[in-house]
Amino acid sequence: QRHTQTGFTSLQTSSERLRFYVSAGETFFSSPEFDADLSTAFLEFDLSLSRSGSPGERFEIGLMSDPTDPASFVSLEVLENEALTSSNQKVRLLLGTVPATHRYVAFRMSALESSNYIYAYLDNLVLTADPGCYKPWDLRVTDKTEALVQLEWSSLPTQNNWEVIYGQSGFDPSESGSLLALDQSSAVLSDLQEQQDYDVYVRSTCGGELVSDWE
């Protein structure tokens with residue numbers, strides 16, 4: 001990793017994760033240069049943070065053309081306030097339209113006041129040149145009664161069709177289950193038996209026989 005910095009900063013690596021620190025300033029750190037076209041690339045990593053909790057602290061995800069030049073940083077997503085959580089979170093980002101000259105995935109941390117600080121812990125960073133038919137994530141129950149369950153999930157903005165399959169607990173989705181085809185990232189299951197446990201899976205459908213793995 002390469003980084004440029006102001007204020008007091010540090011970088012530590014281990015076999016488990018990367019730890020970055022900044023106090024009273026800002027720091028940049030970047031990946032090695034990628035040869036692939038990043039305009040269709042998909043970035044994902046695990047992130048947790050520890051901070052002083054003062055306003056003005058930010059963690060940004062972006063790209064750089066020159067990892068030694070802070071002015072080349074292009075911000076793609078900003079985490080601040082309640083998003084700067086100590087709980088481990090999976091960050092996912094489709095890089096989208098980016099300058100062809102910007103081939104370094106980069107991060108900027110800011111804690112500009114003298115008493116402010118941020119520790120960032122990164123792990124399991126994966127950059128996929130083209131995610132293709134990427135599976136949904138964060139399948140969750142948003143409402144339920146004795147007769148129905150409402151579900152939602154997250155997915156890439158480029159994907160608009162999904163299948164949900166459900167059945168009694170322990171069923172194999174490749175062999176059985178009730179299947180729903182959907183064009184929105186939510187579903188209502190209404191034909192459920194009371195006092196019965198169910199398993200639910202969701203996957204993306206991308207035309208023809210192209211589908212993602214079940215989530």
# chains A, B, ... in the order shown; residues from 1 in each chain; ligands from 1
call {"tool": "residues_around", "arguments": {"residues": "range 186-198 of chain A", "least_positions_apart": "5", "cutoff": "10 Å", "atoms": "only C-alpha atoms", "output": "PyMOL selection string"}}
result
chain A and resi 139-154+162-171+178+180-181
call {"tool": "write_last_selection", "arguments": {"atoms": "N, CA, C and O atoms", "output": "CSV table (one decimal), in the first residue's frame"}}
result
chain,number,residue,atom,x,y,z
A,139,LEU,N,-30.3,-10.3,2.7
A,139,LEU,CA,-31.7,-10.8,2.7
A,139,LEU,C,-32.3,-10.7,4.1
A,139,LEU,O,-31.7,-11.2,5.1
A,140,ARG,N,-33.4,-9.9,4.3
A,140,ARG,CA,-33.9,-9.6,5.7
A,140,ARG,C,-35.4,-9.6,5.7
A,140,ARG,O,-36.0,-9.3,4.7
A,141,VAL,N,-35.9,-9.9,6.9
A,141,VAL,CA,-37.4,-9.8,7.1
A,141,VAL,C,-37.7,-8.4,7.6
A,141,VAL,O,-37.1,-7.9,8.6
A,142,THR,N,-38.6,-7.7,6.9
A,142,THR,CA,-38.9,-6.3,7.3
A,142,THR,C,-40.3,-6.3,7.9
A,142,THR,O,-40.6,-5.3,8.6
A,143,ASP,N,-41.1,-7.3,7.8
A,143,ASP,CA,-42.4,-7.4,8.5
A,143,ASP,C,-42.9,-8.8,8.5
A,143,ASP,O,-42.6,-9.6,7.6
A,144,LYS,N,-43.6,-9.2,9.6
A,144,LYS,CA,-44.2,-10.5,9.6
A,144,LYS,C,-45.4,-10.5,10.5
A,144,LYS,O,-45.5,-9.8,11.5
A,145,THR,N,-46.4,-11.4,10.2
A,145,THR,CA,-47.5,-11.7,11.0
A,145,THR,C,-47.6,-13.2,11.0
A,145,THR,O,-46.8,-13.9,10.5
A,146,GLU,N,-48.7,-13.7,11.6
A,146,GLU,CA,-48.9,-15.2,11.6
A,146,GLU,C,-49.2,-15.7,10.2
A,146,GLU,O,-48.9,-16.9,10.0
A,147,ALA,N,-49.6,-14.8,9.3
A,147,ALA,CA,-50.0,-15.3,8.0
A,147,ALA,C,-49.1,-15.0,6.9
A,147,ALA,O,-49.1,-15.6,5.8
A,148,LEU,N,-48.2,-14.0,7.1
A,148,LEU,CA,-47.3,-13.6,6.0
A,148,LEU,C,-46.0,-13.1,6.5
A,148,LEU,O,-45.8,-12.7,7.7
A,149,VAL,N,-45.0,-13.1,5.6
A,149,VAL,CA,-43.7,-12.5,5.9
A,149,VAL,C,-43.3,-11.6,4.7
A,149,VAL,O,-43.4,-12.0,3.5
A,150,GLN,N,-42.8,-10.4,5.0
A,150,GLN,CA,-42.3,-9.5,4.0
A,150,GLN,C,-40.8,-9.5,4.0
A,150,GLN,O,-40.2,-9.3,5.1
A,151,LEU,N,-40.1,-9.6,2.8
A,151,LEU,CA,-38.7,-9.7,2.7
A,151,LEU,C,-38.2,-8.5,1.8
A,151,LEU,O,-38.9,-8.1,0.9
A,152,GLU,N,-36.9,-8.1,2.1
A,152,GLU,CA,-36.2,-7.2,1.2
A,152,GLU,C,-34.8,-7.7,1.1
A,152,GLU,O,-34.3,-8.5,2.0
A,153,TRP,N,-34.0,-7.2,0.1
A,153,TRP,CA,-32.6,-7.6,0.0
A,153,TRP,C,-31.9,-6.5,-0.8
A,153,TRP,O,-32.6,-5.6,-1.4
A,154,SER,N,-30.6,-6.5,-0.8
A,154,SER,CA,-29.8,-5.5,-1.5
A,154,SER,C,-29.2,-6.2,-2.7
A,154,SER,O,-28.9,-7.4,-2.7
A,162,TRP,N,-35.1,-11.0,-10.1
A,162,TRP,CA,-34.6,-11.9,-9.1
A,162,TRP,C,-35.6,-13.1,-8.9
A,162,TRP,O,-36.8,-13.0,-9.4
A,163,GLU,N,-35.2,-14.1,-8.3
A,163,GLU,CA,-36.1,-15.2,-7.9
A,163,GLU,C,-35.9,-15.5,-6.5
A,163,GLU,O,-34.8,-15.4,-5.9
A,164,VAL,N,-37.0,-15.7,-5.8
A,164,VAL,CA,-37.1,-16.1,-4.4
A,164,VAL,C,-37.7,-17.5,-4.3
A,164,VAL,O,-38.7,-17.8,-5.0
A,165,ILE,N,-37.0,-18.3,-3.6
A,165,ILE,CA,-37.6,-19.7,-3.4
A,165,ILE,C,-37.6,-19.9,-1.9
A,165,ILE,O,-36.7,-19.5,-1.1
A,166,TYR,N,-38.7,-20.6,-1.4
A,166,TYR,CA,-38.8,-20.9,0.0
A,166,TYR,C,-39.5,-22.2,0.2
A,166,TYR,O,-40.2,-22.8,-0.7
A,167,GLY,N,-39.3,-22.7,1.4
A,167,GLY,CA,-39.9,-24.0,1.7
A,167,GLY,C,-39.6,-24.3,3.2
A,167,GLY,O,-39.0,-23.5,3.9
A,168,GLN,N,-40.1,-25.4,3.7
A,168,GLN,CA,-40.0,-25.8,5.1
A,168,GLN,C,-38.5,-25.9,5.4
A,168,GLN,O,-37.7,-26.3,4.6
A,169,SER,N,-38.2,-25.6,6.7
A,169,SER,CA,-36.8,-25.6,7.1
A,169,SER,C,-36.0,-26.9,6.7
A,169,SER,O,-36.5,-28.0,6.9
A,170,GLY,N,-34.9,-26.7,6.1
A,170,GLY,CA,-34.0,-27.8,5.7
A,170,GLY,C,-34.2,-28.3,4.2
A,170,GLY,O,-33.5,-29.2,3.8
A,171,PHE,N,-35.1,-27.6,3.5
A,171,PHE,CA,-35.3,-28.0,2.1
A,171,PHE,C,-34.1,-27.6,1.2
A,171,PHE,O,-33.3,-26.8,1.5
A,178,SER,N,-41.1,-23.4,-3.2
A,178,SER,CA,-42.0,-22.5,-4.0
A,178,SER,C,-41.2,-21.3,-4.5
A,178,SER,O,-40.5,-20.6,-3.8
A,180,LEU,N,-40.8,-17.7,-6.7
A,180,LEU,CA,-41.4,-16.5,-7.2
A,180,LEU,C,-40.4,-15.8,-8.1
A,180,LEU,O,-39.2,-15.7,-7.8
A,181,ALA,N,-40.9,-15.2,-9.3
A,181,ALA,CA,-40.1,-14.4,-10.1
A,181,ALA,C,-40.5,-13.0,-9.9
A,181,ALA,O,-41.7,-12.6,-9.9
call {"tool": "select_by_dssp", "arguments": {"residues": "range 50-190 of chain A", "states": "helix (DSSP H, G or I)", "output": "mmCIF file with C-alpha atoms, in the first residue's frame"}}
result
data_model
loop_
_atom_site.group_PDB
_atom_site.id
_atom_site.type_symbol
_atom_site.label_atom_id
_atom_site.label_comp_id
_atom_site.auth_asym_id
_atom_site.auth_seq_id
_atom_site.Cartn_x
_atom_site.Cartn_y
_atom_site.Cartn_z
ATOM 1 C CA PRO A 70 -3.732 13.864 -2.968
ATOM 2 C CA ALA A 71 -5.209 16.148 -5.634
ATOM 3 C CA SER A 72 -5.756 13.132 -7.927
ATOM 4 C CA ASN A 81 -21.704 10.204 11.235
ATOM 5 C CA GLU A 82 -23.691 7.048 12.091
ATOM 6 C CA ALA A 83 -22.107 5.127 9.174
#
call {"tool": "closest_residue", "arguments": {"among": "A:Asp130, A:Glu175, A:Glu113, A:Asp69", "to": "Leu156 in chain A", "atoms": "only C-alpha atoms"}}
result
A:Asp130
call {"tool": "atom_distance", "arguments": {"atom1": "CA of Ala111 in chain A", "atom2": "CA of Val74 in chain A"}}
result
18.5 Å
call {"tool": "atom_distance", "arguments": {"atom1": "CA of Val22 in chain A", "atom2": "CA of Val91 in chain A"}}
result
20.4 Å
call {"tool": "closest_atom_pairs", "arguments": {"of": "range 83-178 of chain A", "to": "range 56-59 of chain A", "cutoff": "12 Å", "atoms": "only C-alpha atoms", "output": "Markdown table"}}
result
| residue | atom | partner | partner_atom | distance |
| --- | --- | --- | --- | --- |
| A:Ala83 | CA | A:Phe59 | CA | 9.3 |
| A:Leu84 | CA | A:Phe59 | CA | 7.6 |
| A:Thr85 | CA | A:Phe59 | CA | 10.9 |
| A:Val91 | CA | A:Phe59 | CA | 11.8 |
| A:Ala106 | CA | A:Phe59 | CA | 10.8 |
| A:Phe107 | CA | A:Phe59 | CA | 7.2 |
| A:Arg108 | CA | A:Phe59 | CA | 5.8 |
| A:Met109 | CA | A:Phe59 | CA | 4.6 |
| A:Ser110 | CA | A:Arg58 | CA | 5.1 |
| A:Ala111 | CA | A:Glu57 | CA | 4.7 |
| A:Leu112 | CA | A:Gly56 | CA | 7.0 |
| A:Glu113 | CA | A:Gly56 | CA | 8.0 |
| A:Ser114 | CA | A:Gly56 | CA | 11.6 |
| A:Ser115 | CA | A:Glu57 | CA | 11.1 |
| A:Asn116 | CA | A:Glu57 | CA | 7.5 |
| A:Tyr117 | CA | A:Glu57 | CA | 7.8 |
| A:Ile118 | CA | A:Glu57 | CA | 7.5 |
| A:Tyr119 | CA | A:Phe59 | CA | 10.1 |
| A:Ala120 | CA | A:Phe59 | CA | 8.5 |
| A:Tyr121 | CA | A:Phe59 | CA | 11.4 |
| A:Leu122 | CA | A:Phe59 | CA | 11.9 |
call {"tool": "closest_atom_pairs", "arguments": {"of": "range 120-214 of chain A", "to": "range 26-44 of chain A", "cutoff": "12 Å", "atoms": "only C-alpha atoms", "output": "CSV"}}
result
residue,atom,partner,partner_atom,distance
A:Ala120,CA,A:Thr27,CA,11.3
A:Leu122,CA,A:Glu44,CA,10.4
A:Asp123,CA,A:Glu44,CA,9.6
A:Asn124,CA,A:Glu44,CA,7.8
A:Leu125,CA,A:Glu44,CA,5.8
A:Val126,CA,A:Glu44,CA,5.4
A:Leu127,CA,A:Leu43,CA,4.6
A:Thr128,CA,A:Phe42,CA,5.1
A:Ala129,CA,A:Ala41,CA,4.3
A:Asp130,CA,A:Ala41,CA,5.2
A:Pro131,CA,A:Phe42,CA,6.1
A:Gly132,CA,A:Thr40,CA,9.3
A:Cys133,CA,A:Phe42,CA,11.7
A:Tyr134,CA,A:Phe42,CA,9.6
A:Trp137,CA,A:Glu44,CA,11.8
A:Ser155,CA,A:Phe42,CA,11.9
A:Leu156,CA,A:Phe42,CA,9.2
A:Pro157,CA,A:Phe42,CA,11.4
A:Thr158,CA,A:Thr40,CA,10.4
call {"tool": "residues_around", "arguments": {"residues": "Glu77 in chain A", "least_positions_apart": "4", "cutoff": "9 Å", "atoms": "only C-alpha atoms", "output": "list of chain:residue names"}}
result
A:Phe59, A:Glu60, A:Ile61, A:Gly62, A:Leu93
call {"tool": "closest_residue", "arguments": {"among": "A:Val200, A:Val211, A:Cys206, A:Val105", "to": "Asp66 in chain A", "atoms": "only C-alpha atoms"}}
result
A:Val105
call {"tool": "atom_distance", "arguments": {"atom1": "CA of Gln159 in chain A", "atom2": "CA of Phe73 in chain A"}}
result
28.3 Å
call {"tool": "select_by_dssp", "arguments": {"residues": "range 40-111 of chain A", "states": "strand (DSSP E or B)", "output": "ChimeraX atom specification"}}
result
/A:42-51,58-64,74-80,89-94,104-111
call {"tool": "closest_residue", "arguments": {"among": "A:Arg92, A:Lys135, A:Arg17, A:Arg103", "to": "Phe45 in chain A", "atoms": "only C-alpha atoms"}}
result
A:Arg92
call {"tool": "decode", "arguments": {"residues": "range 132-148 of chain A", "atoms": "all heavy atoms", "output": "PDB file, in the first residue's frame"}}
result
ATOM      1  N   GLY A 132     -20.651  -9.361 -13.353  1.00  0.00           N
ATOM      2  CA  GLY A 132     -21.594 -10.201 -14.083  1.00  0.00           C
ATOM      3  C   GLY A 132     -22.918 -10.319 -13.341  1.00  0.00           C
ATOM      4  O   GLY A 132     -23.459  -9.344 -12.846  1.00  0.00           O
ATOM      5  N   CYS A 133     -23.415 -11.550 -13.242  1.00  0.00           N
ATOM      6  CA  CYS A 133     -24.692 -11.792 -12.561  1.00  0.00           C
ATOM      7  C   CYS A 133     -24.396 -12.006 -11.075  1.00  0.00           C
ATOM      8  O   CYS A 133     -24.316 -13.134 -10.595  1.00  0.00           O
ATOM      9  CB  CYS A 133     -25.384 -12.998 -13.176  1.00  0.00           C
ATOM     10  SG  CYS A 133     -27.145 -13.111 -12.748  1.00  0.00           S
ATOM     11  N   TYR A 134     -24.256 -10.900 -10.362  1.00  0.00           N
ATOM     12  CA  TYR A 134     -23.808 -10.951  -8.970  1.00  0.00           C
ATOM     13  C   TYR A 134     -24.990 -11.250  -8.050  1.00  0.00           C
ATOM     14  O   TYR A 134     -26.085 -10.701  -8.215  1.00  0.00           O
ATOM     15  CB  TYR A 134     -23.168  -9.622  -8.579  1.00  0.00           C
ATOM     16  CG  TYR A 134     -22.400  -9.675  -7.289  1.00  0.00           C
ATOM     17  CD1 TYR A 134     -21.091 -10.136  -7.260  1.00  0.00           C
ATOM     18  CD2 TYR A 134     -22.994  -9.285  -6.104  1.00  0.00           C
ATOM     19  CE1 TYR A 134     -20.385 -10.191  -6.079  1.00  0.00           C
ATOM     20  CE2 TYR A 134     -22.291  -9.340  -4.910  1.00  0.00           C
ATOM     21  CZ  TYR A 134     -20.984  -9.792  -4.907  1.00  0.00           C
ATOM     22  OH  TYR A 134     -20.299  -9.851  -3.726  1.00  0.00           O
ATOM     23  N   LYS A 135     -24.748 -12.110  -7.072  1.00  0.00           N
ATOM     24  CA  LYS A 135     -25.853 -12.507  -6.198  1.00  0.00           C
ATOM     25  C   LYS A 135     -26.249 -11.373  -5.256  1.00  0.00           C
ATOM     26  O   LYS A 135     -25.420 -10.535  -4.883  1.00  0.00           O
ATOM     27  CB  LYS A 135     -25.485 -13.752  -5.399  1.00  0.00           C
ATOM     28  CG  LYS A 135     -24.469 -13.560  -4.301  1.00  0.00           C
ATOM     29  CD  LYS A 135     -24.252 -14.861  -3.544  1.00  0.00           C
ATOM     30  CE  LYS A 135     -23.248 -14.681  -2.408  1.00  0.00           C
ATOM     31  NZ  LYS A 135     -23.052 -15.946  -1.649  1.00  0.00           N
ATOM     32  N   PRO A 136     -27.523 -11.323  -4.852  1.00  0.00           N
ATOM     33  CA  PRO A 136     -27.973 -10.324  -3.877  1.00  0.00           C
ATOM     34  C   PRO A 136     -27.327 -10.574  -2.511  1.00  0.00           C
ATOM     35  O   PRO A 136     -26.684 -11.603  -2.284  1.00  0.00           O
ATOM     36  CB  PRO A 136     -29.487 -10.545  -3.819  1.00  0.00           C
ATOM     37  CG  PRO A 136     -29.815 -11.422  -4.978  1.00  0.00           C
ATOM     38  CD  PRO A 136     -28.600 -12.222  -5.276  1.00  0.00           C
ATOM     39  N   TRP A 137     -27.531  -9.624  -1.591  1.00  0.00           N
ATOM     40  CA  TRP A 137     -27.026  -9.789  -0.233  1.00  0.00           C
ATOM     41  C   TRP A 137     -27.997  -9.123   0.749  1.00  0.00           C
ATOM     42  O   TRP A 137     -28.946  -8.448   0.362  1.00  0.00           O
ATOM     43  CB  TRP A 137     -25.626  -9.189  -0.108  1.00  0.00           C
ATOM     44  CG  TRP A 137     -25.534  -7.709  -0.329  1.00  0.00           C
ATOM     45  CD1 TRP A 137     -25.689  -6.723   0.600  1.00  0.00           C
ATOM     46  CD2 TRP A 137     -25.276  -7.036  -1.571  1.00  0.00           C
ATOM     47  NE1 TRP A 137     -25.532  -5.490   0.031  1.00  0.00           N
ATOM     48  CE2 TRP A 137     -25.270  -5.646  -1.296  1.00  0.00           C
ATOM     49  CE3 TRP A 137     -25.026  -7.467  -2.873  1.00  0.00           C
ATOM     50  CZ2 TRP A 137     -25.051  -4.694  -2.283  1.00  0.00           C
ATOM     51  CZ3 TRP A 137     -24.799  -6.511  -3.850  1.00  0.00           C
ATOM     52  CH2 TRP A 137     -24.817  -5.158  -3.559  1.00  0.00           C
ATOM     53  N   ASP A 138     -27.738  -9.350   2.021  1.00  0.00           N
ATOM     54  CA  ASP A 138     -28.533  -8.741   3.093  1.00  0.00           C
ATOM     55  C   ASP A 138     -30.015  -9.072   2.951  1.00  0.00           C
ATOM     56  O   ASP A 138     -30.881  -8.188   3.078  1.00  0.00           O
ATOM     57  CB  ASP A 138     -28.305  -7.227   3.120  1.00  0.00           C
ATOM     58  CG  ASP A 138     -28.861  -6.576   4.383  1.00  0.00           C
ATOM     59  OD1 ASP A 138     -29.028  -7.293   5.396  1.00  0.00           O
ATOM     60  OD2 ASP A 138     -29.128  -5.360   4.365  1.00  0.00           O
ATOM     61  N   LEU A 139     -30.328 -10.342   2.707  1.00  0.00           N
ATOM     62  CA  LEU A 139     -31.728 -10.784   2.717  1.00  0.00           C
ATOM     63  C   LEU A 139     -32.257 -10.652   4.144  1.00  0.00           C
ATOM     64  O   LEU A 139     -31.672 -11.183   5.086  1.00  0.00           O
ATOM     65  CB  LEU A 139     -31.812 -12.236   2.239  1.00  0.00           C
ATOM     66  CG  LEU A 139     -33.193 -12.892   2.270  1.00  0.00           C
ATOM     67  CD1 LEU A 139     -34.173 -12.162   1.363  1.00  0.00           C
ATOM     68  CD2 LEU A 139     -33.076 -14.365   1.878  1.00  0.00           C
ATOM     69  N   ARG A 140     -33.380  -9.949   4.316  1.00  0.00           N
ATOM     70  CA  ARG A 140     -33.864  -9.640   5.656  1.00  0.00           C
ATOM     71  C   ARG A 140     -35.385  -9.615   5.703  1.00  0.00           C
ATOM     72  O   ARG A 140     -36.049  -9.345   4.697  1.00  0.00           O
ATOM     73  CB  ARG A 140     -33.314  -8.288   6.110  1.00  0.00           C
ATOM     74  CG  ARG A 140     -33.658  -7.142   5.168  1.00  0.00           C
ATOM     75  CD  ARG A 140     -32.763  -5.947   5.345  1.00  0.00           C
ATOM     76  NE  ARG A 140     -33.085  -4.854   4.432  1.00  0.00           N
ATOM     77  CZ  ARG A 140     -32.588  -4.747   3.208  1.00  0.00           C
ATOM     78  NH1 ARG A 140     -31.759  -5.661   2.732  1.00  0.00           N
ATOM     79  NH2 ARG A 140     -32.923  -3.717   2.432  1.00  0.00           N
ATOM     80  N   VAL A 141     -35.915  -9.887   6.878  1.00  0.00           N
ATOM     81  CA  VAL A 141     -37.353  -9.801   7.137  1.00  0.00           C
ATOM     82  C   VAL A 141     -37.661  -8.382   7.597  1.00  0.00           C
ATOM     83  O   VAL A 141     -37.079  -7.889   8.566  1.00  0.00           O
ATOM     84  CB  VAL A 141     -37.784 -10.822   8.202  1.00  0.00           C
ATOM     85  CG1 VAL A 141     -39.261 -10.628   8.565  1.00  0.00           C
ATOM     86  CG2 VAL A 141     -37.547 -12.246   7.722  1.00  0.00           C
ATOM     87  N   THR A 142     -38.573  -7.710   6.888  1.00  0.00           N
ATOM     88  CA  THR A 142     -38.941  -6.344   7.254  1.00  0.00           C
ATOM     89  C   THR A 142     -40.292  -6.270   7.948  1.00  0.00           C
ATOM     90  O   THR A 142     -40.604  -5.268   8.591  1.00  0.00           O
ATOM     91  CB  THR A 142     -38.969  -5.445   6.016  1.00  0.00           C
ATOM     92  OG1 THR A 142     -39.862  -6.006   5.038  1.00  0.00           O
ATOM     93  CG2 THR A 142     -37.570  -5.332   5.410  1.00  0.00           C
ATOM     94  N   ASP A 143     -41.112  -7.325   7.838  1.00  0.00           N
ATOM     95  CA  ASP A 143     -42.404  -7.351   8.525  1.00  0.00           C
ATOM     96  C   ASP A 143     -42.901  -8.788   8.526  1.00  0.00           C
ATOM     97  O   ASP A 143     -42.603  -9.561   7.597  1.00  0.00           O
ATOM     98  CB  ASP A 143     -43.422  -6.449   7.814  1.00  0.00           C
ATOM     99  CG  ASP A 143     -44.677  -6.224   8.654  1.00  0.00           C
ATOM    100  OD1 ASP A 143     -44.614  -6.455   9.882  1.00  0.00           O
ATOM    101  OD2 ASP A 143     -45.711  -5.827   8.082  1.00  0.00           O
ATOM    102  N   LYS A 144     -43.636  -9.159   9.562  1.00  0.00           N
ATOM    103  CA  LYS A 144     -44.218 -10.496   9.583  1.00  0.00           C
ATOM    104  C   LYS A 144     -45.418 -10.529  10.508  1.00  0.00           C
ATOM    105  O   LYS A 144     -45.514  -9.772  11.475  1.00  0.00           O
ATOM    106  CB  LYS A 144     -43.187 -11.542  10.019  1.00  0.00           C
ATOM    107  CG  LYS A 144     -42.692 -11.408  11.446  1.00  0.00           C
ATOM    108  CD  LYS A 144     -41.716 -12.539  11.780  1.00  0.00           C
ATOM    109  CE  LYS A 144     -41.191 -12.404  13.203  1.00  0.00           C
ATOM    110  NZ  LYS A 144     -40.263 -13.517  13.545  1.00  0.00           N
ATOM    111  N   THR A 145     -46.363 -11.397  10.153  1.00  0.00           N
ATOM    112  CA  THR A 145     -47.525 -11.702  10.982  1.00  0.00           C
ATOM    113  C   THR A 145     -47.640 -13.213  11.033  1.00  0.00           C
ATOM    114  O   THR A 145     -46.771 -13.944  10.527  1.00  0.00           O
ATOM    115  CB  THR A 145     -48.799 -11.079  10.385  1.00  0.00           C
ATOM    116  OG1 THR A 145     -49.099 -11.736   9.141  1.00  0.00           O
ATOM    117  CG2 THR A 145     -48.617  -9.587  10.130  1.00  0.00           C
ATOM    118  N   GLU A 146     -48.703 -13.706  11.602  1.00  0.00           N
ATOM    119  CA  GLU A 146     -48.906 -15.153  11.619  1.00  0.00           C
ATOM    120  C   GLU A 146     -49.162 -15.700  10.223  1.00  0.00           C
ATOM    121  O   GLU A 146     -48.923 -16.882   9.960  1.00  0.00           O
ATOM    122  CB  GLU A 146     -50.087 -15.504  12.539  1.00  0.00           C
ATOM    123  CG  GLU A 146     -49.819 -15.236  14.007  1.00  0.00           C
ATOM    124  CD  GLU A 146     -50.971 -15.667  14.885  1.00  0.00           C
ATOM    125  OE1 GLU A 146     -52.000 -16.101  14.328  1.00  0.00           O
ATOM    126  OE2 GLU A 146     -50.849 -15.563  16.121  1.00  0.00           O
ATOM    127  N   ALA A 147     -49.617 -14.842   9.303  1.00  0.00           N
ATOM    128  CA  ALA A 147     -50.021 -15.325   7.981  1.00  0.00           C
ATOM    129  C   ALA A 147     -49.050 -14.981   6.859  1.00  0.00           C
ATOM    130  O   ALA A 147     -49.099 -15.594   5.796  1.00  0.00           O
ATOM    131  CB  ALA A 147     -51.409 -14.776   7.632  1.00  0.00           C
ATOM    132  N   LEU A 148     -48.174 -14.005   7.072  1.00  0.00           N
ATOM    133  CA  LEU A 148     -47.293 -13.605   5.967  1.00  0.00           C
ATOM    134  C   LEU A 148     -45.971 -13.067   6.494  1.00  0.00           C
ATOM    135  O   LEU A 148     -45.835 -12.687   7.656  1.00  0.00           O
ATOM    136  CB  LEU A 148     -47.976 -12.577   5.059  1.00  0.00           C
ATOM    137  CG  LEU A 148     -48.381 -11.222   5.657  1.00  0.00           C
ATOM    138  CD1 LEU A 148     -47.229 -10.238   5.677  1.00  0.00           C
ATOM    139  CD2 LEU A 148     -49.550 -10.646   4.882  1.00  0.00           C
TER     140      LEU A 148
END
